[in-house]
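Printed here is target_39.pdb (PDB, C-alpha atoms and all ligand atoms):
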ATOM      1  CA  MET A   1    -104.522 105.309  10.119  1.00  0.00           C
ATOM      2  CA  ALA A   2    -104.031 102.598   7.543  1.00  0.00           C
ATOM      3  CA  LYS A   3    -106.270 101.891   4.576  1.00  0.00           C
ATOM      4  CA  THR A   4    -107.010  98.474   3.121  1.00  0.00           C
ATOM      5  CA  VAL A   5    -106.014  97.937  -0.501  1.00  0.00           C
ATOM      6  CA  LYS A   6    -106.841  94.791  -2.445  1.00  0.00           C
ATOM      7  CA  LEU A   7    -104.162  93.316  -4.697  1.00  0.00           C
ATOM      8  CA  ALA A   8    -106.210  91.498  -7.307  1.00  0.00           C
ATOM      9  CA  PRO A   9    -103.470  89.376  -8.891  1.00  0.00           C
ATOM     10  CA  ILE A  10    -102.602  87.609  -5.651  1.00  0.00           C
ATOM     11  CA  ASN A  11    -106.079  87.942  -4.174  1.00  0.00           C
ATOM     12  CA  ARG A  12    -104.767  89.509  -0.996  1.00  0.00           C
ATOM     13  CA  GLU A  13    -105.622  92.564   1.047  1.00  0.00           C
ATOM     14  CA  THR A  14    -102.885  94.747   2.434  1.00  0.00           C
ATOM     15  CA  ALA A  15    -102.821  97.689   4.835  1.00  0.00           C
ATOM     16  CA  ILE A  16    -101.160 100.854   3.554  1.00  0.00           C
ATOM     17  CA  ALA A  17    -100.701 103.866   5.818  1.00  0.00           C
ATOM     18  CA  THR A  18    -102.838 106.820   4.762  1.00  0.00           C
ATOM     19  CA  ASN A  19    -100.884 109.003   2.353  1.00  0.00           C
ATOM     20  CA  ASP A  20     -98.341 106.263   1.667  1.00  0.00           C
ATOM     21  CA  ASN A  21     -97.944 105.135  -1.948  1.00  0.00           C
ATOM     22  CA  LEU A  22     -99.239 101.949  -3.537  1.00  0.00           C
ATOM     23  CA  LEU A  23     -95.713 100.793  -4.248  1.00  0.00           C
ATOM     24  CA  SER A  24     -95.053 100.240  -0.533  1.00  0.00           C
ATOM     25  CA  GLY A  25     -98.017  97.857  -0.455  1.00  0.00           C
ATOM     26  CA  LEU A  26     -96.794  95.912  -3.493  1.00  0.00           C
ATOM     27  CA  LEU A  27     -93.307  95.520  -2.067  1.00  0.00           C
ATOM     28  CA  LYS A  28     -94.628  94.465   1.325  1.00  0.00           C
ATOM     29  CA  ASN A  29     -96.398  91.625  -0.415  1.00  0.00           C
ATOM     30  CA  GLU A  30     -93.291  90.434  -2.219  1.00  0.00           C
ATOM     31  CA  LEU A  31     -94.522  91.551  -5.588  1.00  0.00           C
ATOM     32  CA  LYS A  32     -91.320  92.209  -7.448  1.00  0.00           C
ATOM     33  CA  VAL A  33     -91.326  95.734  -8.798  1.00  0.00           C
ATOM     34  CA  LEU A  34     -88.182  96.694 -10.652  1.00  0.00           C
ATOM     35  CA  GLN A  35     -88.447 100.437  -9.838  1.00  0.00           C
ATOM     36  CA  GLU A  36     -86.126 101.274 -12.693  1.00  0.00           C
ATOM     37  CA  CYS A  37     -86.275 105.011 -11.930  1.00  0.00           C
ATOM     38  CA  GLY A  38     -86.086 104.582  -8.169  1.00  0.00           C
ATOM     39  CA  GLY A  39     -89.666 105.674  -7.493  1.00  0.00           C
ATOM     40  CA  ARG A  40     -89.402 109.051  -9.264  1.00  0.00           C
ATOM     41  CA  GLY A  41     -92.388 108.644 -11.554  1.00  0.00           C
ATOM     42  CA  MET A  42     -90.313 108.318 -14.705  1.00  0.00           C
ATOM     43  CA  CYS A  43     -90.560 104.697 -15.821  1.00  0.00           C
ATOM     44  CA  ALA A  44     -93.099 101.996 -16.606  1.00  0.00           C
ATOM     45  CA  THR A  45     -91.996  99.393 -14.120  1.00  0.00           C
ATOM     46  CA  CYS A  46     -94.461 100.281 -11.352  1.00  0.00           C
ATOM     47  CA  HIS A  47     -97.394 100.798 -13.743  1.00  0.00           C
ATOM     48  CA  VAL A  48    -100.609  99.360 -12.312  1.00  0.00           C
ATOM     49  CA  TYR A  49    -104.284  99.393 -13.216  1.00  0.00           C
ATOM     50  CA  ILE A  50    -106.850 100.562 -10.682  1.00  0.00           C
ATOM     51  CA  LYS A  51    -109.859  98.235 -10.900  1.00  0.00           C
ATOM     52  CA  ALA A  52    -111.785 100.266  -8.324  1.00  0.00           C
ATOM     53  CA  GLY A  53    -111.325 103.213  -6.011  1.00  0.00           C
ATOM     54  CA  MET A  54    -109.484 105.657  -8.293  1.00  0.00           C
ATOM     55  CA  GLU A  55    -111.158 108.470  -6.314  1.00  0.00           C
ATOM     56  CA  SER A  56    -109.482 107.178  -3.137  1.00  0.00           C
ATOM     57  CA  LEU A  57    -106.016 107.927  -4.545  1.00  0.00           C
ATOM     58  CA  SER A  58    -104.110 111.204  -4.744  1.00  0.00           C
ATOM     59  CA  PRO A  59    -104.616 113.044  -8.056  1.00  0.00           C
ATOM     60  CA  LEU A  60    -102.213 112.554 -10.957  1.00  0.00           C
ATOM     61  CA  SER A  61     -99.197 114.849 -10.937  1.00  0.00           C
ATOM     62  CA  ARG A  62     -97.922 116.374 -14.177  1.00  0.00           C
ATOM     63  CA  ARG A  63     -94.910 114.087 -14.181  1.00  0.00           C
ATOM     64  CA  GLU A  64     -97.067 111.017 -13.695  1.00  0.00           C
ATOM     65  CA  GLN A  65     -99.342 112.140 -16.508  1.00  0.00           C
ATOM     66  CA  ARG A  66     -96.367 112.637 -18.790  1.00  0.00           C
ATOM     67  CA  THR A  67     -94.872 109.231 -18.006  1.00  0.00           C
ATOM     68  CA  LEU A  68     -98.186 107.433 -18.386  1.00  0.00           C
ATOM     69  CA  GLY A  69     -98.537 109.120 -21.771  1.00  0.00           C
ATOM     70  CA  ALA A  70     -95.422 107.273 -22.939  1.00  0.00           C
ATOM     71  CA  ILE A  71     -96.500 103.862 -21.657  1.00  0.00           C
ATOM     72  CA  THR A  72     -98.092 101.977 -24.504  1.00  0.00           C
ATOM     73  CA  THR A  73    -100.307  99.806 -22.313  1.00  0.00           C
ATOM     74  CA  CYS A  74    -101.689 102.815 -20.434  1.00  0.00           C
ATOM     75  CA  ASN A  75    -105.454 103.268 -20.169  1.00  0.00           C
ATOM     76  CA  VAL A  76    -107.812 105.465 -18.129  1.00  0.00           C
ATOM     77  CA  ASN A  77    -107.315 103.223 -15.098  1.00  0.00           C
ATOM     78  CA  SER A  78    -103.520 103.461 -15.162  1.00  0.00           C
ATOM     79  CA  ARG A  79    -101.412 104.848 -12.311  1.00  0.00           C
ATOM     80  CA  LEU A  80     -97.781 104.686 -11.284  1.00  0.00           C
ATOM     81  CA  ALA A  81     -97.664 102.835  -7.959  1.00  0.00           C
ATOM     82  CA  CYS A  82     -94.814 105.005  -6.653  1.00  0.00           C
ATOM     83  CA  GLN A  83     -96.802 108.200  -7.252  1.00  0.00           C
ATOM     84  CA  ALA A  84    -100.346 107.208  -6.275  1.00  0.00           C
ATOM     85  CA  ARG A  85    -100.904 107.798  -2.573  1.00  0.00           C
ATOM     86  CA  VAL A  86    -103.716 106.057  -0.745  1.00  0.00           C
ATOM     87  CA  LEU A  87    -106.152 108.531   0.818  1.00  0.00           C
ATOM     88  CA  ASP A  88    -109.230 106.398   1.383  1.00  0.00           C
ATOM     89  CA  GLU A  89    -110.698 102.881   1.324  1.00  0.00           C
ATOM     90  CA  GLY A  90    -111.856 100.832  -1.650  1.00  0.00           C
ATOM     91  CA  VAL A  91    -108.776 100.642  -3.886  1.00  0.00           C
ATOM     92  CA  ILE A  92    -108.317  97.459  -5.932  1.00  0.00           C
ATOM     93  CA  VAL A  93    -105.049  97.112  -7.854  1.00  0.00           C
ATOM     94  CA  GLU A  94    -104.364  94.986 -10.935  1.00  0.00           C
ATOM     95  CA  LEU A  95    -100.881  94.489 -12.388  1.00  0.00           C
ATOM     96  CA  PRO A  96    -100.029  94.457 -16.101  1.00  0.00           C
ATOM     97  CA  SER A  97     -98.985  90.978 -17.130  1.00  0.00           C
ATOM     98  CA  GLY A  98     -95.344  90.391 -17.890  1.00  0.00           C
ATOM     99  CA  MET A  99     -91.972  91.023 -16.375  1.00  0.00           C
ATOM    100  CA  TYR A 100     -89.629  93.930 -16.850  1.00  0.00           C
ATOM    101  CA  VAL A 101     -86.008  93.702 -17.912  1.00  0.00           C
ATOM    102  CA  SER A 102     -84.219  93.402 -14.628  1.00  0.00           C
ATOM    103  CA  ASP A 103     -81.141  91.471 -13.704  1.00  0.00           C
ATOM    104  CA  MET A 104     -79.395  90.569 -16.948  1.00  0.00           C
ATOM    105  CA  GLN A 105     -77.780  87.536 -15.364  1.00  0.00           C
ATOM    106  CA  ASP A 106     -81.209  86.136 -14.611  1.00  0.00           C
ATOM    107  CA  ILE A 107     -82.221  86.722 -18.176  1.00  0.00           C
ATOM    108  CA  GLU A 108     -79.020  85.206 -19.588  1.00  0.00           C
ATOM    109  CA  ALA A 109     -79.950  82.038 -17.766  1.00  0.00           C
ATOM    110  CA  LEU A 110     -83.109  81.952 -19.864  1.00  0.00           C
ATOM    111  CA  ILE A 111     -81.287  81.633 -23.212  1.00  0.00           C
ATOM    112  CA  GLY A 112     -82.611  78.600 -25.049  1.00  0.00           C
ATOM    113  CA  ARG A 113     -85.799  78.536 -22.986  1.00  0.00           C
ATOM    114  CA  ARG A 114     -89.196  79.898 -23.777  1.00  0.00           C
ATOM    115  CA  ALA A 115     -90.284  83.097 -22.048  1.00  0.00           C
ATOM    116  CA  GLU A 116     -92.855  82.148 -19.441  1.00  0.00           C
ATOM    117  CA  GLN A 117     -94.408  85.585 -19.581  1.00  0.00           C
ATOM    118  CA  ASN A 118     -94.022  88.700 -21.686  1.00  0.00           C
ATOM    119  CA  ILE A 119     -90.823  90.650 -21.054  1.00  0.00           C
ATOM    120  CA  LEU A 120     -91.630  94.350 -21.055  1.00  0.00           C
ATOM    121  CA  HIS A 121     -89.702  97.521 -21.855  1.00  0.00           C
ATOM    122  CA  PRO A 122     -88.888  99.371 -18.604  1.00  0.00           C
ATOM    123  CA  LEU A 123     -89.858 102.799 -19.935  1.00  0.00           C
ATOM    124  CA  THR A 124     -92.729 102.148 -22.303  1.00  0.00           C
ATOM    125  CA  GLY A 125     -94.146  98.817 -21.161  1.00  0.00           C
ATOM    126  CA  THR A 126     -94.073  97.480 -24.745  1.00  0.00           C
ATOM    127  CA  VAL A 127     -93.545  93.761 -25.119  1.00  0.00           C
ATOM    128  CA  LEU A 128     -89.896  93.023 -25.973  1.00  0.00           C
ATOM    129  CA  VAL A 129     -90.177  89.251 -25.880  1.00  0.00           C
ATOM    130  CA  GLU A 130     -93.549  87.568 -26.127  1.00  0.00           C
ATOM    131  CA  ALA A 131     -94.527  84.786 -23.764  1.00  0.00           C
ATOM    132  CA  GLY A 132     -93.805  81.410 -25.350  1.00  0.00           C
ATOM    133  CA  LYS A 133     -91.004  82.715 -27.632  1.00  0.00           C
ATOM    134  CA  LEU A 134     -87.605  81.109 -27.526  1.00  0.00           C
ATOM    135  CA  ILE A 135     -85.060  83.431 -25.895  1.00  0.00           C
ATOM    136  CA  THR A 136     -81.945  83.763 -28.026  1.00  0.00           C
ATOM    137  CA  ARG A 137     -78.537  85.383 -27.572  1.00  0.00           C
ATOM    138  CA  SER A 138     -79.477  88.193 -29.961  1.00  0.00           C
ATOM    139  CA  MET A 139     -82.593  88.937 -27.917  1.00  0.00           C
ATOM    140  CA  ILE A 140     -80.424  89.235 -24.834  1.00  0.00           C
ATOM    141  CA  THR A 141     -78.149  91.685 -26.667  1.00  0.00           C
ATOM    142  CA  GLN A 142     -81.190  93.764 -27.603  1.00  0.00           C
ATOM    143  CA  LEU A 143     -82.466  93.643 -24.042  1.00  0.00           C
ATOM    144  CA  GLU A 144     -79.088  94.810 -22.792  1.00  0.00           C
ATOM    145  CA  GLU A 145     -79.104  97.724 -25.226  1.00  0.00           C
ATOM    146  CA  THR A 146     -82.600  98.638 -24.106  1.00  0.00           C
ATOM    147  CA  ARG A 147     -81.476  98.585 -20.504  1.00  0.00           C
ATOM    148  CA  VAL A 148     -78.527 100.873 -21.222  1.00  0.00           C
ATOM    149  CA  LYS A 149     -80.735 103.303 -23.144  1.00  0.00           C
ATOM    150  CA  ALA A 150     -83.285 103.297 -20.325  1.00  0.00           C
ATOM    151  CA  SER A 151     -80.688 104.125 -17.697  1.00  0.00           C
ATOM    152  CA  GLN A 152     -79.179 106.857 -19.919  1.00  0.00           C
ATOM    153  CA  TYR A 153     -82.633 108.351 -20.349  1.00  0.00           C
ATOM    154  CA  LEU A 154     -83.278 108.296 -16.615  1.00  0.00           C
ATOM    155  CA  THR A 155     -79.890 109.842 -15.812  1.00  0.00           C
ATOM    156  CA  ALA A 156     -80.445 112.622 -18.338  1.00  0.00           C
ATOM    157  CA  GLU A 157     -83.969 113.318 -17.047  1.00  0.00           C
ATOM    158  CA  SER A 158     -82.866 113.493 -13.425  1.00  0.00           C
ATOM    159  CA  GLU A 159     -80.450 116.318 -14.251  1.00  0.00           C
ATOM    160  CA  PHE A 160     -83.378 118.658 -14.843  1.00  0.00           C
TER     161      PHE A 160
HETATM  162  S1  LIG B 201     -90.669 103.239 -10.009  1.00  0.00           S
HETATM  163 FE1  LIG B 201     -90.398 104.335 -11.842  1.00  0.00          FE
HETATM  164  S2  LIG B 201     -92.248 105.345 -12.086  1.00  0.00           S
HETATM  165 FE2  LIG B 201     -92.530 104.307 -10.243  1.00  0.00          FE
END
What do you get writing this file as structure tokens?
Amino acid sequence: MAKTVKLAPINRETAIATNDNLLSGLLKNELKVLQECGGRGMCATCHVYIKAGMESLSPLSRREQRTLGAITTCNVNSRLACQARVLDEGVIVELPSGMYVSDMQDIEALIGRRAEQNILHPLTGTVLVEAGKLITRSMITQLEETRVKASQYLTAESEF
């Protein structure tokens, strides 16, 4: 049986199979989620806020708790979409504003332009480039370094 989940940012309802995670619903609705860690509960890129229906989701695992603890924009309504499974009706999801560092080529193309939205750190969710700021070559270099560090962190963590 599927459950209905509301995606507040695009004002759309989506059906998610019972016990399936929220991430599947986001992806089905073409919401771009970077999934830096590949859905293992170790990054910030699938961080969402639950506006309603927290009790209709699976409880937080220890890993999810640990990762959320490192995300600077985390609050009591935070969940990782790849870890939160839908068990019942009434869930409303909100997304943090901003985009995560993804394809560097896409970002290179933004040099000399103003960031349309905040660009966020893939592990902590902190704002790396604020919306409205001019994107420079040195910012791109910093973003690249961040990306390398993030993937090193995720590789090291997955060895445990
Ligand atoms: S995709 Fe990384 S924590 Fe969900």
Picked residues, the PyMOL selection byres (((chain A and resi 24) around 12) and not hetatm), expected as an MDAnalysis selection string: chainID A and resid 5 14:23 25:33 35 39 46 80:86
Box in all listed atoms of ligand LIG 201 (chain B), axis-aligned, with 6 Å more on each side; write out centre and edge lengths in Å to one decimal as lines of an AutoDock Vina configuration file.
center_x = -91.5
center_y = 104.3
center_z = -11.0
size_x = 14.1
size_y = 14.1
size_z = 14.1
Among A:Val93, A:Glu64, A:Cys37, A:Gly112, A:Arg147 is approached most closely, using only C-alpha atoms, by A:Cys37
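Among A:Ile119, A:Arg12, A:Thr124, A:Ser97, the residue with the shortest atom-to-atom distance to ligand LIG 201 (chain B), counting all atoms listed in the file, is A:Thr124.
Nearest residue to ligand LIG 201 (chain B), choosing from A:Ser151, A:Ser78, A:Thr67, A:Gln142 and counting all atoms listed in the file: A:Thr67.
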With all atoms listed in the file as the counted atoms, please give the residues lying no more than 10 Å from A:His121, apart from itself and same-chain residues fewer than 4 positions off, as a list in words. Cys43, Ala44, Thr45, Ile71, Thr72, Gly98, Met99, Tyr100, Val101, Ser102, Gly125, Thr126, Val127, Leu128, Val129, Leu143, Thr146, Arg147 and Ala150 of chain A
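The smallest atom-to-atom distance between ligand LIG 201 (chain B) and any of A:Glu13, A:Glu36, A:Asp106, A:Glu94, using only C-alpha atoms and all ligand atoms, is found for A:Glu36.
Going from atom S2 of ligand LIG 201 (chain B) to atom CA of A:Arg40 covers 5.5 Å.
Minimum distance to ligand LIG 201 (chain B) across A:Asn75, A:Thr136, A:Ser61, A:Gln117 (counting all atoms listed in the file) occurs at A:Ser61.
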